[in-house]
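Okay, target.cif is below, mmCIF, C-alpha atoms:
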data_final
loop_
_atom_site.group_PDB
_atom_site.id
_atom_site.type_symbol
_atom_site.label_atom_id
_atom_site.label_comp_id
_atom_site.auth_asym_id
_atom_site.auth_seq_id
_atom_site.Cartn_x
_atom_site.Cartn_y
_atom_site.Cartn_z
ATOM 1 C CA MET A 5 -17.405 11.764 18.250
ATOM 2 C CA ASN A 6 -16.008 13.052 21.545
ATOM 3 C CA ILE A 7 -12.572 12.292 22.972
ATOM 4 C CA THR A 8 -13.891 9.729 25.455
ATOM 5 C CA LYS A 9 -15.567 7.684 22.732
ATOM 6 C CA PHE A 10 -12.543 7.928 20.476
ATOM 7 C CA LYS A 11 -10.290 6.739 23.300
ATOM 8 C CA TYR A 12 -12.601 3.783 23.909
ATOM 9 C CA PHE A 13 -12.697 2.889 20.207
ATOM 10 C CA PHE A 14 -8.940 3.294 19.852
ATOM 11 C CA LEU A 15 -8.114 1.108 22.857
ATOM 12 C CA ASP A 16 -10.567 -1.530 21.658
ATOM 13 C CA ALA A 17 -8.965 -1.462 18.214
ATOM 14 C CA VAL A 18 -5.444 -1.793 19.625
ATOM 15 C CA LYS A 19 -6.545 -4.678 21.844
ATOM 16 C CA ASN A 20 -8.044 -6.488 18.877
ATOM 17 C CA LEU A 21 -4.965 -5.877 16.724
ATOM 18 C CA LYS A 22 -2.812 -7.469 19.411
ATOM 19 C CA ARG A 23 -5.263 -10.330 19.859
ATOM 20 C CA ASN A 24 -5.154 -11.119 16.143
ATOM 21 C CA SER A 25 -1.469 -10.404 15.604
ATOM 22 C CA THR A 26 -1.108 -12.899 12.737
ATOM 23 C CA ILE A 27 -4.013 -11.406 10.801
ATOM 24 C CA THR A 28 -2.727 -7.912 11.572
ATOM 25 C CA ALA A 29 0.738 -8.772 10.266
ATOM 26 C CA PHE A 30 -0.753 -10.288 7.101
ATOM 27 C CA SER A 31 -2.798 -7.140 6.453
ATOM 28 C CA VAL A 32 0.184 -4.839 7.031
ATOM 29 C CA ILE A 33 2.339 -6.926 4.680
ATOM 30 C CA THR A 34 -0.407 -6.851 2.042
ATOM 31 C CA VAL A 35 -0.679 -3.060 2.114
ATOM 32 C CA SER A 36 3.089 -2.528 2.235
ATOM 33 C CA ALA A 37 3.719 -4.938 -0.656
ATOM 34 C CA THR A 38 1.109 -3.192 -2.799
ATOM 35 C CA LEU A 39 2.549 0.259 -2.173
ATOM 36 C CA PHE A 40 6.089 -1.040 -2.639
ATOM 37 C CA VAL A 41 5.363 -2.438 -6.110
ATOM 38 C CA VAL A 42 3.382 0.615 -7.226
ATOM 39 C CA GLY A 43 6.112 2.909 -5.895
ATOM 40 C CA LEU A 44 8.815 0.918 -7.671
ATOM 41 C CA PHE A 45 6.936 1.182 -10.964
ATOM 42 C CA LEU A 46 6.525 4.918 -10.464
ATOM 43 C CA LEU A 47 10.214 5.435 -9.716
ATOM 44 C CA TYR A 48 11.180 3.482 -12.800
ATOM 45 C CA LEU A 49 8.916 5.511 -15.063
ATOM 46 C CA LEU A 50 10.085 8.802 -13.590
ATOM 47 C CA SER A 51 13.685 7.725 -14.090
ATOM 48 C CA VAL A 52 12.981 6.753 -17.695
ATOM 49 C CA ASP A 53 11.418 10.165 -18.304
ATOM 50 C CA LYS A 54 14.502 11.858 -16.878
ATOM 51 C CA ASN A 55 16.806 10.080 -19.295
ATOM 52 C CA PHE A 56 17.259 10.628 -23.005
ATOM 53 C CA ALA A 57 14.511 9.938 -25.518
ATOM 54 C CA THR A 58 16.401 6.826 -26.493
ATOM 55 C CA LEU A 59 17.504 3.730 -24.679
ATOM 56 C CA PHE A 60 20.983 2.355 -25.089
ATOM 57 C CA VAL A 61 20.956 -1.304 -25.988
ATOM 58 C CA SER A 62 24.039 -3.468 -26.162
ATOM 59 C CA ASN A 63 24.068 -6.286 -28.679
ATOM 60 C CA SER A 64 25.895 -9.088 -26.896
ATOM 61 C CA ILE A 65 26.245 -11.187 -30.047
ATOM 62 C CA ASN A 66 27.782 -8.664 -32.429
ATOM 63 C CA ARG A 67 29.342 -6.548 -29.685
ATOM 64 C CA ASN A 68 27.729 -3.546 -31.324
ATOM 65 C CA SER A 69 25.815 -0.777 -29.596
ATOM 66 C CA VAL A 70 22.659 0.606 -31.096
ATOM 67 C CA PHE A 71 20.142 3.225 -30.118
ATOM 68 C CA ILE A 72 16.461 2.490 -30.415
ATOM 69 C CA ASP A 73 13.521 4.796 -30.140
ATOM 70 C CA ASN A 74 11.995 4.126 -26.758
ATOM 71 C CA LYS A 75 8.753 6.060 -27.143
ATOM 72 C CA GLU A 76 6.693 2.936 -27.677
ATOM 73 C CA MET A 77 8.418 1.186 -24.796
ATOM 74 C CA VAL A 78 7.793 4.126 -22.490
ATOM 75 C CA MET A 79 4.124 4.145 -23.484
ATOM 76 C CA VAL A 80 3.866 0.430 -22.729
ATOM 77 C CA LEU A 81 5.518 0.967 -19.356
ATOM 78 C CA LYS A 82 3.172 3.836 -18.568
ATOM 79 C CA TRP A 83 0.162 1.691 -19.380
ATOM 80 C CA LEU A 84 1.602 -1.008 -17.144
ATOM 81 C CA GLU A 85 1.960 1.588 -14.409
ATOM 82 C CA VAL A 86 -1.672 2.628 -14.848
ATOM 83 C CA ALA A 87 -2.737 -1.018 -14.716
ATOM 84 C CA ALA A 88 -0.616 -1.640 -11.629
ATOM 85 C CA PHE A 89 -1.955 1.518 -9.986
ATOM 86 C CA PHE A 90 -5.526 0.266 -10.294
ATOM 87 C CA VAL A 91 -5.172 -3.521 -10.166
ATOM 88 C CA LEU A 92 -2.761 -3.895 -7.242
ATOM 89 C CA PRO A 93 -4.781 -1.747 -4.807
ATOM 90 C CA VAL A 94 -7.910 -3.714 -5.750
ATOM 91 C CA ILE A 95 -6.101 -6.980 -5.018
ATOM 92 C CA SER A 96 -4.758 -5.494 -1.803
ATOM 93 C CA LEU A 97 -8.245 -4.330 -0.810
ATOM 94 C CA PHE A 98 -9.616 -7.820 -1.435
ATOM 95 C CA LEU A 99 -6.925 -9.372 0.772
ATOM 96 C CA VAL A 100 -7.443 -6.771 3.498
ATOM 97 C CA VAL A 101 -11.210 -7.391 3.426
ATOM 98 C CA THR A 102 -10.580 -11.128 3.679
ATOM 99 C CA SER A 103 -8.294 -10.696 6.676
ATOM 100 C CA PHE A 104 -10.823 -8.405 8.370
ATOM 101 C CA LYS A 105 -13.563 -10.968 7.833
ATOM 102 C CA MET A 106 -11.410 -13.517 9.630
ATOM 103 C CA SER A 107 -11.000 -11.085 12.510
ATOM 104 C CA ILE A 108 -14.704 -10.240 12.583
ATOM 105 C CA LEU A 109 -15.687 -13.919 12.659
ATOM 106 C CA GLN A 110 -13.791 -14.253 15.922
ATOM 107 C CA ARG A 111 -15.832 -11.357 17.356
ATOM 108 C CA ARG A 112 -19.172 -12.302 15.870
ATOM 109 C CA ASN A 113 -20.792 -13.068 19.217
ATOM 110 C CA GLU A 114 -19.503 -9.794 20.628
ATOM 111 C CA ILE A 115 -20.976 -7.890 17.669
ATOM 112 C CA ASN A 116 -24.328 -9.658 18.057
ATOM 113 C CA ILE A 117 -24.450 -8.781 21.760
ATOM 114 C CA MET A 118 -23.682 -5.133 20.981
ATOM 115 C CA LYS A 119 -26.486 -5.095 18.410
ATOM 116 C CA PHE A 120 -28.832 -6.779 20.887
ATOM 117 C CA VAL A 121 -28.275 -4.109 23.550
ATOM 118 C CA GLY A 122 -28.927 -1.352 21.026
ATOM 119 C CA ALA A 123 -25.491 -0.307 19.760
ATOM 120 C CA THR A 124 -25.696 1.569 16.473
ATOM 121 C CA ASN A 125 -23.928 0.295 13.383
ATOM 122 C CA TRP A 126 -21.443 3.162 13.513
ATOM 123 C CA PHE A 127 -20.682 2.453 17.164
ATOM 124 C CA ILE A 128 -19.738 -1.075 16.100
ATOM 125 C CA ARG A 129 -17.886 0.093 12.990
ATOM 126 C CA TRP A 130 -15.536 2.623 14.551
ATOM 127 C CA PRO A 131 -13.109 0.202 16.277
ATOM 128 C CA PHE A 132 -12.770 -1.736 13.025
ATOM 129 C CA ILE A 133 -12.257 1.435 11.007
ATOM 130 C CA ILE A 134 -9.525 2.524 13.417
ATOM 131 C CA GLU A 135 -7.955 -0.932 13.079
ATOM 132 C CA GLY A 136 -7.979 -0.494 9.316
ATOM 133 C CA VAL A 137 -6.425 2.956 9.542
ATOM 134 C CA VAL A 138 -3.672 1.695 11.860
ATOM 135 C CA ILE A 139 -2.980 -1.216 9.517
ATOM 136 C CA GLY A 140 -2.976 1.079 6.479
ATOM 137 C CA ILE A 141 -0.618 3.620 8.022
ATOM 138 C CA SER A 142 1.691 0.880 9.306
ATOM 139 C CA GLY A 143 1.742 -0.749 5.879
ATOM 140 C CA ALA A 144 2.467 2.606 4.258
ATOM 141 C CA PHE A 145 5.481 3.270 6.473
ATOM 142 C CA VAL A 146 6.804 -0.277 6.087
ATOM 143 C CA GLY A 147 6.403 -0.136 2.308
ATOM 144 C CA ASN A 148 8.038 3.285 2.123
ATOM 145 C CA VAL A 149 11.016 2.282 4.259
ATOM 146 C CA LEU A 150 11.561 -0.951 2.316
ATOM 147 C CA LEU A 151 11.304 0.905 -0.977
ATOM 148 C CA PHE A 152 13.805 3.514 0.197
ATOM 149 C CA PHE A 153 16.487 1.054 1.282
ATOM 150 C CA ILE A 154 16.101 -1.295 -1.679
ATOM 151 C CA TYR A 155 15.969 1.534 -4.203
ATOM 152 C CA ASP A 156 18.925 3.265 -2.526
ATOM 153 C CA PHE A 157 20.966 0.084 -2.936
ATOM 154 C CA VAL A 158 19.948 -0.306 -6.598
ATOM 155 C CA TYR A 159 20.542 3.412 -7.214
ATOM 156 C CA THR A 160 24.082 3.240 -5.839
ATOM 157 C CA LYS A 161 24.983 0.106 -7.792
ATOM 158 C CA ALA A 162 23.452 1.420 -11.031
ATOM 159 C CA LEU A 163 25.455 4.642 -10.885
ATOM 160 C CA GLU A 164 28.634 2.681 -10.248
ATOM 161 C CA PHE A 165 28.156 0.883 -13.569
ATOM 162 C CA ILE A 166 26.573 3.716 -15.574
ATOM 163 C CA PRO A 167 27.432 7.075 -13.956
ATOM 164 C CA GLU A 168 25.599 9.076 -16.636
ATOM 165 C CA LEU A 169 22.216 7.599 -15.737
ATOM 166 C CA ALA A 170 19.684 10.181 -14.585
ATOM 167 C CA LEU A 171 17.746 8.382 -11.875
ATOM 168 C CA MET A 172 15.344 9.667 -9.275
ATOM 169 C CA GLN A 173 17.090 10.456 -6.013
ATOM 170 C CA PRO A 174 16.324 8.006 -3.168
ATOM 171 C CA GLU A 175 15.275 10.970 -1.017
ATOM 172 C CA PHE A 176 12.312 11.414 -3.358
ATOM 173 C CA ILE A 177 10.777 8.332 -1.728
ATOM 174 C CA THR A 178 10.723 9.776 1.776
ATOM 175 C CA ASN A 179 10.157 13.399 0.775
ATOM 176 C CA ALA A 180 7.473 13.092 -1.889
ATOM 177 C CA MET A 181 6.062 9.562 -1.727
ATOM 178 C CA LEU A 182 5.550 9.006 1.994
ATOM 179 C CA TRP A 183 2.331 10.985 2.435
ATOM 180 C CA PRO A 184 0.674 9.601 -0.710
ATOM 181 C CA PHE A 185 1.578 6.158 0.635
ATOM 182 C CA VAL A 186 -0.052 7.026 3.966
ATOM 183 C CA MET A 187 -3.203 8.338 2.289
ATOM 184 C CA VAL A 188 -3.584 5.271 0.066
ATOM 185 C CA GLY A 189 -2.837 2.934 2.966
ATOM 186 C CA THR A 190 -5.373 4.701 5.176
ATOM 187 C CA PHE A 191 -7.979 4.466 2.436
ATOM 188 C CA LEU A 192 -7.351 0.746 1.867
ATOM 189 C CA GLY A 193 -7.528 -0.039 5.566
ATOM 190 C CA ALA A 194 -10.624 2.026 6.341
ATOM 191 C CA ILE A 195 -12.613 0.968 3.275
ATOM 192 C CA GLY A 196 -11.542 -2.642 3.737
ATOM 193 C CA SER A 197 -12.891 -2.699 7.283
ATOM 194 C CA ILE A 198 -16.196 -1.099 6.261
ATOM 195 C CA ILE A 199 -16.719 -3.567 3.408
ATOM 196 C CA ALA A 200 -15.829 -6.557 5.585
ATOM 197 C CA LEU A 201 -18.190 -5.489 8.366
ATOM 198 C CA ARG A 202 -21.141 -4.613 6.152
ATOM 199 C CA LYS A 203 -22.363 -8.194 5.783
ATOM 200 C CA PHE A 204 -22.309 -8.831 9.528
ATOM 201 C CA LEU A 205 -24.174 -5.626 10.342
ATOM 202 C CA ASN A 206 -26.908 -6.446 7.834
ATOM 203 C CA GLU A 207 -27.619 -9.875 9.289
#
Same coordinates, now as structure tokens:
Amino acid sequence: MNITKFKYFFLDAVKNLKRNSTITAFSVITVSATLFVVGLFLLYLLSVDKNFATLFVSNSINRNSVFIDNKEMVMVLKWLEVAAFFVLPVISLFLVVTSFKMSILQRRNEINIMKFVGATNWFIRWPFIIEGVVIGISGAFVGNVLLFFIYDFVYTKALEFIPELALMQPEFITNAMLWPFVMVGTFLGAIGSIIALRKFLNE
């Protein structure tokens, strides 16, 4: 793909994103919410791993404090993280595909005309793929920023009550989690657009 074609595809994608601003916003929120929840789970598990091999539990009835072995709990949480890591992106992908189908339906006649005049499937796909990438990257940044500010607030309050807690630093979110967020968001957006468009190209 040369620069001229890419510029054409990019401008077409941006125009369509603006035209369908509601659908675009829904897709961005879907991706950002998915990454936010997965990131929150990951931060929690990393913080648990940083702490002692036991969890401190306060018995509010007897006013006694007991230590319990948290290995089983940590294992359960890790399995939940694995489940969330796989299930939430699948749900997000389904919602992104659905939103793209709504967008494609509005451009169905345009797609049919392009096919009629001899446009290849990839020529038709590229604007939608770029739309998906833009949505994915936007969702990744939104999710990362929200996670940073919310976690930073929780982090500060938690240390005020329990200073000895060993939690992940909020900077970990922007330093180590941003680019994985971007990669996952890009993947969700691009694959979502390809899946949504496949049916219309095969008609």
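The gap separating atom CA of A:Trp183 from atom CA of A:Pro131 is 23.4 Å, in Å to one decimal.
Between atom CA of A:Arg112 and atom CA of A:Ile139 the separation is 20.6 Å.
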Distance of atom CA of A:Gly43 from atom CA of A:Leu151, expressed in Å to one decimal place: 7.4 Å
I'd like the residues picked by the PyMOL selection byres ((chain A and resi 26-31) around 9) written out as a PDB file with C-alpha atoms, in the frame of the given file, using the chain letters and numbers from the file.
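Resulting contents of out_24.pdb:
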ATOM      1  CA  LEU A  21      -4.965  -5.877  16.724  1.00  0.00           C
ATOM      2  CA  LYS A  22      -2.812  -7.469  19.411  1.00  0.00           C
ATOM      3  CA  ARG A  23      -5.263 -10.330  19.859  1.00  0.00           C
ATOM      4  CA  ASN A  24      -5.154 -11.119  16.143  1.00  0.00           C
ATOM      5  CA  SER A  25      -1.469 -10.404  15.604  1.00  0.00           C
ATOM      6  CA  VAL A  32       0.184  -4.839   7.031  1.00  0.00           C
ATOM      7  CA  ILE A  33       2.339  -6.926   4.680  1.00  0.00           C
ATOM      8  CA  THR A  34      -0.407  -6.851   2.042  1.00  0.00           C
ATOM      9  CA  VAL A  35      -0.679  -3.060   2.114  1.00  0.00           C
ATOM     10  CA  SER A  36       3.089  -2.528   2.235  1.00  0.00           C
ATOM     11  CA  SER A  96      -4.758  -5.494  -1.803  1.00  0.00           C
ATOM     12  CA  LEU A  99      -6.925  -9.372   0.772  1.00  0.00           C
ATOM     13  CA  VAL A 100      -7.443  -6.771   3.498  1.00  0.00           C
ATOM     14  CA  VAL A 101     -11.210  -7.391   3.426  1.00  0.00           C
ATOM     15  CA  SER A 103      -8.294 -10.696   6.676  1.00  0.00           C
ATOM     16  CA  PHE A 104     -10.823  -8.405   8.370  1.00  0.00           C
ATOM     17  CA  MET A 106     -11.410 -13.517   9.630  1.00  0.00           C
ATOM     18  CA  SER A 107     -11.000 -11.085  12.510  1.00  0.00           C
ATOM     19  CA  GLU A 135      -7.955  -0.932  13.079  1.00  0.00           C
ATOM     20  CA  GLY A 136      -7.979  -0.494   9.316  1.00  0.00           C
ATOM     21  CA  ILE A 139      -2.980  -1.216   9.517  1.00  0.00           C
ATOM     22  CA  GLY A 140      -2.976   1.079   6.479  1.00  0.00           C
ATOM     23  CA  GLY A 143       1.742  -0.749   5.879  1.00  0.00           C
ATOM     24  CA  GLY A 193      -7.528  -0.039   5.566  1.00  0.00           C
TER      25      GLY A 193
END
What lies within 8 Å of A:Leu182 using all atoms listed in the file, ignoring chain neighbours under 3 positions off, as a ChimeraX atom specification? /A:144-145,148,177-179,185-186
Using the chain letters and numbering of this document, enumerate as a PyMOL selection string the residues selected by the PyMOL selection byres ((chain A and resi 12-15) around 12). chain A and resi 5-11+16-22+126-138
Please produce a file of the residues just selected, as a tab-separated table (two decimals), keeping the file's coordinate frame, where the atoms kept are C-alpha atoms.
chain	number	residue	atom	x	y	z
A	5	MET	CA	-17.40	11.76	18.25
A	6	ASN	CA	-16.01	13.05	21.54
A	7	ILE	CA	-12.57	12.29	22.97
A	8	THR	CA	-13.89	9.73	25.46
A	9	LYS	CA	-15.57	7.68	22.73
A	10	PHE	CA	-12.54	7.93	20.48
A	11	LYS	CA	-10.29	6.74	23.30
A	16	ASP	CA	-10.57	-1.53	21.66
A	17	ALA	CA	-8.96	-1.46	18.21
A	18	VAL	CA	-5.44	-1.79	19.62
A	19	LYS	CA	-6.54	-4.68	21.84
A	20	ASN	CA	-8.04	-6.49	18.88
A	21	LEU	CA	-4.96	-5.88	16.72
A	22	LYS	CA	-2.81	-7.47	19.41
A	126	TRP	CA	-21.44	3.16	13.51
A	127	PHE	CA	-20.68	2.45	17.16
A	128	ILE	CA	-19.74	-1.08	16.10
A	129	ARG	CA	-17.89	0.09	12.99
A	130	TRP	CA	-15.54	2.62	14.55
A	131	PRO	CA	-13.11	0.20	16.28
A	132	PHE	CA	-12.77	-1.74	13.02
A	133	ILE	CA	-12.26	1.44	11.01
A	134	ILE	CA	-9.52	2.52	13.42
A	135	GLU	CA	-7.96	-0.93	13.08
A	136	GLY	CA	-7.98	-0.49	9.32
A	137	VAL	CA	-6.42	2.96	9.54
A	138	VAL	CA	-3.67	1.70	11.86
Applied to the shown file, which residues does the PyMOL selection byres ((chain A and resi 92) around 12) return, written as JSON, numbers by chain? {"A": [34, 35, 36, 37, 38, 39, 40, 41, 42, 43, 45, 84, 85, 86, 87, 88, 89, 90, 91, 93, 94, 95, 96, 97, 98, 99, 188, 192]}
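With all atoms listed in the file as the atoms that count, the minimum distance from A:Asn206 to the choices A:Ile115, A:Leu44, A:Met181, A:Leu50 is reached by A:Ile115.
With only C-alpha atoms as the atoms that count, the minimum distance from A:Met172 to the choices A:Ala194, A:Phe152, A:Lys203, A:Met187 is reached by A:Phe152.
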